[in-house]
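A.B. asks: Below are the structure tokens for one structure; questions will follow.
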Amino acid sequence: MISYLQVENLTKSFGDNLLFEHISFGIADNQRVALVAKNGTGKTTLLNIIAGKEDYDEGTISFRRDLRVGYLEQSPDFPKELTVLDACLQSDNEVMRTIAEYEHCMLTADQKGLDEVLAKMDMYKAWDYETRIKQILGKLKITNFEQRIGELSGGQLKRVALANVLISEPDLLILDEPTNHLDLEMVEWLEDFLKRSSMALLMVTHDRYFLDRVCNVIMEIDHQALFQYTGNYSYYLEKRQERMDAFNAESDRMNNLYRKELDWMRRQPQARATKAKSRIDRFYEIEERAKERRNNDAVRLDVKASYLGSKIFEAKYVSKSYGDLKILDNFYYNFARYEKMGIIGKNGTGKSTFLKMLLGEVKPDSGSFDIGETVVFGYYSQDGLAFDEQMKVIDVVRDIAEEVDLGSGKRMSASQFLLHFLFTPETQYNYVYKLSGGEKRRLHLCTVLMRNPNFLVLDEPTNDLDIATLNILEEYLQSFKGCVIVVSHDRYFMDKVVDHLLVFRGNAELKDFPGNYTDYREWSELQEEQEREEKKNLQPKTSVTQSQPAHKADKPRKMSFKEKQEFEALEKEIPQLEAEKAEIEKQLSSGVLDNESIISASQRFAELADLIDEKTMRWLELSEI
């Protein structure tokens, strides 16, 4: 394997807060590495350091010479006056600049200078590249190329930034929460794209299906140290538990030794203390180690839900549109007690609008929502993160209540409640602006649950929460004595939490599906397959209409002369490319190539694989004519 990145003895702290110390790791070609850790322990900081956007205290970072690195930041930033097209195609690559020039030319009315641009497109052989770019932009629903960056929402901006790094085709791709702001269809497309790509990958994500299916190395930051596991997420969980069990077994052994040494210390005469100095020093080392223990510290959610009556809500023939965009059309639904509904659908189909109508924040055009008298909503949303950045964490919670009712006569102070959510006493007196994105979301969750709601409405609750917090939130929601509606693109989360889905298909078409997300995907694929078969069976073998002569309808379309030439050329070209690929594979495994030759051969090998895939697909298309 070719080494792309080497990190040695890296240390980073913010004042007294040590994030990681003397960590070392490397990334090679074809490695897909996921970085996991609790919120606030330095995941994003480490990515920023590698990308050259933050300084570090000590250590070294070295890249392979001429390595192309792409970085998707958690909160991307482009000049506001830039167009979407220019942001997507922002690159030092001459081919990319030519494609941008071509796209701009095509968007103008007079298409001035088109001949010159077409000549450049031919010269750089940019047409295939332009087709791939259009596919990426299409899959990410980026269509308004002339829109200014300053007019985009946070989600649109993230998709533009993701398109930019994917289009640039770097050798090493660094992604910070790439699935945030993508709908489920986009997430699944991105998962497939990365699996088929030859790019090396370093990624932070909370999407556990994504981790399992894409990554082959998991790195964890835990207690300022870094642990590495070669395998997918399921393998990591198994090996991590083994590591913790071994550490705790050693802690138990040290505890036994500590008790013996403590007894010796108590019996040690004061006057002879100097004679046993080394043993006393060792005692303090044993004491420190014995007190260490590794466990899955996570948010423990056992907050009381208010009493919930039998009537929840009834959507009475609700309609809502924005111009030509229909969200709901005469929609009726009677929500049952203790129901746990998941809402899925493409971006822009009205999922968040539906929630806001239920909560009374948006009025329907017609119809109404009849809410039960005992219903107490708890609304977790992206907009709910608007804390006063200059407030202390403890004051944010005290502004809601000094004490929290846990039920059964138990009460807890605001400080104890924050401790329950893993906010240490030091963190509680930090200002909000010092918290990481994930810690702010955990604080928001804390402020929602402390009001004792009996109906939780969660709009994308998984964004930026660490996996440990997600696991506990899932367990809490499964046993929650109340109602839940969740909008999420996290497939694993939906599978664990919901008992049925409301699917927004667009243009006010909704489907109530009895099952979780995986059940729905399997059903959808089966439906699509059946529809394809039905269409195939319904197609008449001969078709004669008044407007179309019989002799034309009876004959299938034949290859044009140009298509026939292309087909024959492909039949010769594909075996030649496969032979070249086999020869390079043989050279790479021979062990006789020098470093420069290995790099060159590896690059050509990746190019050949892409070419063979592309030309084989075209051959298949032509062979069906």
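Labels used: A, B, ... for chains in the order of the structure tokens, numbers from 1 for residues in each chain, and numbers from 1 for ligands as shown.
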List the neighbours of Glu607 of chain A out to 12 Å using only C-alpha atoms; skip same-chain residues closer than 4 positions along the sequence, and give me the result as a list in words.

C.D. replies: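 Using only C-alpha atoms, the neighbours found are Glu169, Ser197, Ser198, Met199, Leu577, Glu578, Glu580, Lys581, Ile584, Ser600, Ala601, Ser602, Gln603, Leu611, Ile612, Asp613 and Glu614 of chain A.
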
A.B. asks: For Asp122 of chain A, find every residue with an atom within 12 Å (counting only C-alpha atoms), except residues of its own chain fewer than 5 positions away, and show them as an mmCIF file with C-alpha atoms, in the first residue's frame.

C.D. replies:
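Final output, saved to part.cif:
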data_model
loop_
_atom_site.group_PDB
_atom_site.id
_atom_site.type_symbol
_atom_site.label_atom_id
_atom_site.label_comp_id
_atom_site.auth_asym_id
_atom_site.auth_seq_id
_atom_site.Cartn_x
_atom_site.Cartn_y
_atom_site.Cartn_z
ATOM 1 C CA VAL A 95 -10.195 20.805 -17.036
ATOM 2 C CA THR A 98 -12.909 24.738 -18.864
ATOM 3 C CA ILE A 99 -16.082 22.894 -17.815
ATOM 4 C CA TYR A 102 -18.614 25.854 -20.895
ATOM 5 C CA ASP A 115 -16.993 27.549 -30.528
ATOM 6 C CA GLU A 116 -13.797 28.410 -28.660
ATOM 7 C CA VAL A 117 -15.023 26.720 -25.463
ATOM 8 C CA TRP A 127 -16.859 15.577 -22.064
ATOM 9 C CA ASP A 128 -16.824 12.365 -20.009
ATOM 10 C CA TYR A 129 -15.719 14.357 -16.985
ATOM 11 C CA GLU A 130 -18.562 16.847 -17.538
#

A.B. asks: Listing only residues of segment 39-65 of chain A within 10 Å of segment 19-25 of chain A, what is the closest atom pair and its distance in Å (to one decimal) for each, using only C-alpha atoms, sorted by chain and residue number ascending, as a tab-separated table?

C.D. replies:
residue	atom	partner	partner_atom	distance
A:Gly40	CA	A:Leu19	CA	8.2
A:Thr41	CA	A:Leu19	CA	5.5
A:Gly42	CA	A:Leu19	CA	5.6
A:Lys43	CA	A:Leu19	CA	9.1
A:Thr45	CA	A:Leu19	CA	8.8
A:Leu46	CA	A:Phe20	CA	9.0
A:Asp57	CA	A:Glu21	CA	9.4
A:Glu58	CA	A:His22	CA	8.1
A:Gly59	CA	A:His22	CA	7.2
A:Thr60	CA	A:Ser24	CA	9.2
A:Ile61	CA	A:Ser24	CA	9.5

A.B. asks: Please produce an output containing C-alpha atoms for each residue in the selection, written as an mmCIF file, in the first residue's frame.

C.D. replies:
data_model
loop_
_atom_site.group_PDB
_atom_site.id
_atom_site.type_symbol
_atom_site.label_atom_id
_atom_site.label_comp_id
_atom_site.auth_asym_id
_atom_site.auth_seq_id
_atom_site.Cartn_x
_atom_site.Cartn_y
_atom_site.Cartn_z
ATOM 1 C CA GLY A 40 -16.039 17.590 22.541
ATOM 2 C CA THR A 41 -13.054 15.208 22.427
ATOM 3 C CA GLY A 42 -11.487 16.652 19.272
ATOM 4 C CA LYS A 43 -12.812 14.895 16.138
ATOM 5 C CA THR A 45 -10.292 19.688 15.562
ATOM 6 C CA LEU A 46 -8.168 16.763 14.328
ATOM 7 C CA ASP A 57 0.977 21.970 20.028
ATOM 8 C CA GLU A 58 3.523 19.384 18.919
ATOM 9 C CA GLY A 59 4.064 16.476 16.522
ATOM 10 C CA THR A 60 4.492 16.126 12.762
ATOM 11 C CA ILE A 61 2.089 15.715 9.813
#

A.B. asks: Write out as a PyMOL selection string which residues come within 8 Å of Leu465 of chain A when counting only C-alpha atoms, dropping same-chain ones fewer than 6 positions away.

C.D. replies: chain A and resi 39+206+438-439+441-442

A.B. asks: Find the residues around Tyr338 of chain A up to 7 Å (only C-alpha atoms counted), leave out those fewer than 3 positions away in its own chain, and share them as a VMD selection string.

C.D. replies: chain A and resid 481 to 483

A.B. asks: Kindly indicate which residue among A:His489, A:Gly378, A:Phe331, A:Phe421 lies nearest to Glu188 of chain A, using only C-alpha atoms for the distances.

C.D. replies: A:His489

A.B. asks: Which residue out of A:Ile221, A:Cys215, A:Leu328, A:Ile312 has the minimum interatomic distance to Val484 of chain A when only C-alpha atoms are used?

C.D. replies: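 Of A:Ile221, A:Cys215, A:Leu328, A:Ile312, the one nearest Val484 of chain A, counting only C-alpha atoms, is A:Ile312.
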
A.B. asks: Please, what distance in Å, to one decimal, runs between atom CA of Gln156 of chain A and atom CA of His181 of chain A?

C.D. replies: 7.7 Å

A.B. asks: For each of A:Tyr433, A:Tyr124, A:Tyr333, A:Phe377, take the minimum atom-to-atom distance to Tyr307 of chain A, counting only C-alpha atoms, then give the residue where this is smallest.

C.D. replies: A:Phe377
